[in-house]
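Worksheet: one structure, shown below.
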Amino acid sequence: DDVQRMLAVKAGDMAAFDALVTAYQRPLTAFFDRLMNHPGLAEEFAQEVFCRIYQYREDYEPRAAFATYLYRIARNLWIDHLRHRASGPRMLSMETAVGHEGEGETLGAGLPGRAPAPSAALEAEERARTVRSAVAALPEKLRLVFVMGEGQGLSYAQISDVLEIPVGTVKSRMHAAVLHLRESLAPLVAE
């Protein structure tokens with residue numbers, strides 16, 4: 001049980017901490033990747049969550065499921081990031097267009113190791129990029145609920161605990177997110 005592992009971490013058990021990291025590293029990285037659409041940065045954010053869990057391990061109290069505790073820390077880190085981003089310079093993705101309009105050149109295009117892929121793989125990648133962009137374009141409150149529910153598989157009750165909002169609000173935000181995505185992805189579905 002993850003709560004017992006975290007209690008063991010609180011007592012100084014590094015093997016228990018390693019087990020938690022192993023169990024949650026991929027889902028947590030996927031959570032941040034879905035929020036920001038930037039895999040490298042998503043990994044850094046996941047590592048930062050685990051650093052905070054370890055740093056404040058002595059303060060841990062098992063009031064909810066460990067996943068709720070973990071995603072609450074992740075949410076708080078994300079909010080801190082948004083506040084910082086709003087007040088500072090904006091990061092550029094390797095997919096950011098450079099040069100004159102219509103040239104199609106990106107920052108990452110000049111990096112070594114970018115071999116052309118077969119057309120089917122390119123189409124699938126483009127569809128995935130379109131979906132990720134649509135999710136990233138959701139209003140923040142809707143995006144958090146959608147990513148936690150659909151991307152991370154958390155129940156409405158767990159999302160309610162993490163975001164500290166009523167379950168009814170979670171349901172209405174999920175519904176609104178789905179409607180937004182249907183509208184923005186309608187051209188993709190028509191293809």
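The chains in the structure tokens are called A, B, ... from first to last as shown; in each chain the residues are counted from 1, and the ligands are counted from 1 in the order shown.
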
- Message: Just want the 12 Å neighbourhood of A:Glu164, counted on only C-alpha atoms, with same-chain residues fewer than 6 positions away dropped. Output as a VMD selection string.
- Response: chain A and resid 68 to 69 71 to 72 75 to 76 145 156 to 158 170

Residue selection dump (C-alpha atoms) as a PDB file, in the first residue's frame:
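Everything below was put into again_24.pdb:
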```pdb
ATOM      1  CA  THR A  68      -4.261  12.307  -4.006  1.00  0.00           C
ATOM      2  CA  TYR A  69      -1.322  13.627  -1.988  1.00  0.00           C
ATOM      3  CA  TYR A  71      -1.278  15.003  -7.457  1.00  0.00           C
ATOM      4  CA  ARG A  72      -2.024  17.796  -4.999  1.00  0.00           C
ATOM      5  CA  ARG A  75      -1.066  20.689  -8.982  1.00  0.00           C
ATOM      6  CA  ASN A  76       0.567  23.173  -6.613  1.00  0.00           C
ATOM      7  CA  VAL A 145      -9.738  18.268 -14.607  1.00  0.00           C
ATOM      8  CA  TYR A 156     -14.082  12.396  -9.955  1.00  0.00           C
ATOM      9  CA  ALA A 157     -13.816  11.985  -6.179  1.00  0.00           C
ATOM     10  CA  GLN A 158     -10.007  11.897  -6.353  1.00  0.00           C
ATOM     11  CA  VAL A 170     -15.438  18.354 -11.393  1.00  0.00           C
TER      12      VAL A 170
END
```

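With only C-alpha atoms as the atoms that count, the minimum distance from A:Lys10 to the choices A:Met36, A:Val49, A:Tyr60, A:Pro27 is reached by A:Tyr60.
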
- Query: Can you tell me how far atom CA of A:Arg127 sits from atom CA of A:Leu188, in Å to one decimal?
  - Reply: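 Atom CA of A:Leu188 lies 7.4 Å from atom CA of A:Arg127.
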
- Item | Residue among A:Val3, A:Phe32, A:Gln47, A:Tyr24 lying closest to A:Ile79, counting only C-alpha atoms |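 Once distances to A:Ile79 are computed over only C-alpha atoms, the minimum belongs to A:Phe32.
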
- For the atom pair atom CA of A:Phe31 and atom CA of A:Val178, what is the interatomic distance in Å to one decimal place?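 It comes out at 17.5 Å.
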
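Closest approach to A:Tyr56 among A:Asp33, A:Met14, A:Gln25, A:Val9 is made by A:Val9 (distances from only C-alpha atoms).
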
- Task: Go through A:Glu61, A:Phe66, A:Leu77, A:His175 one by one, measure the shortest atom-to-atom distance of each to A:Glu48 using only C-alpha atoms, and give the residue with the smallest value.
- Result: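 Of the candidates, the smallest distance to A:Glu48 is held by A:Leu77.
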
- Query: What's the 10 Å shell around A:Glu58, counting only C-alpha atoms, without same-chain residues fewer than 3 positions away, as a ChimeraX atom specification?
  - Reply: /A:6-7,9-12,53-55,61
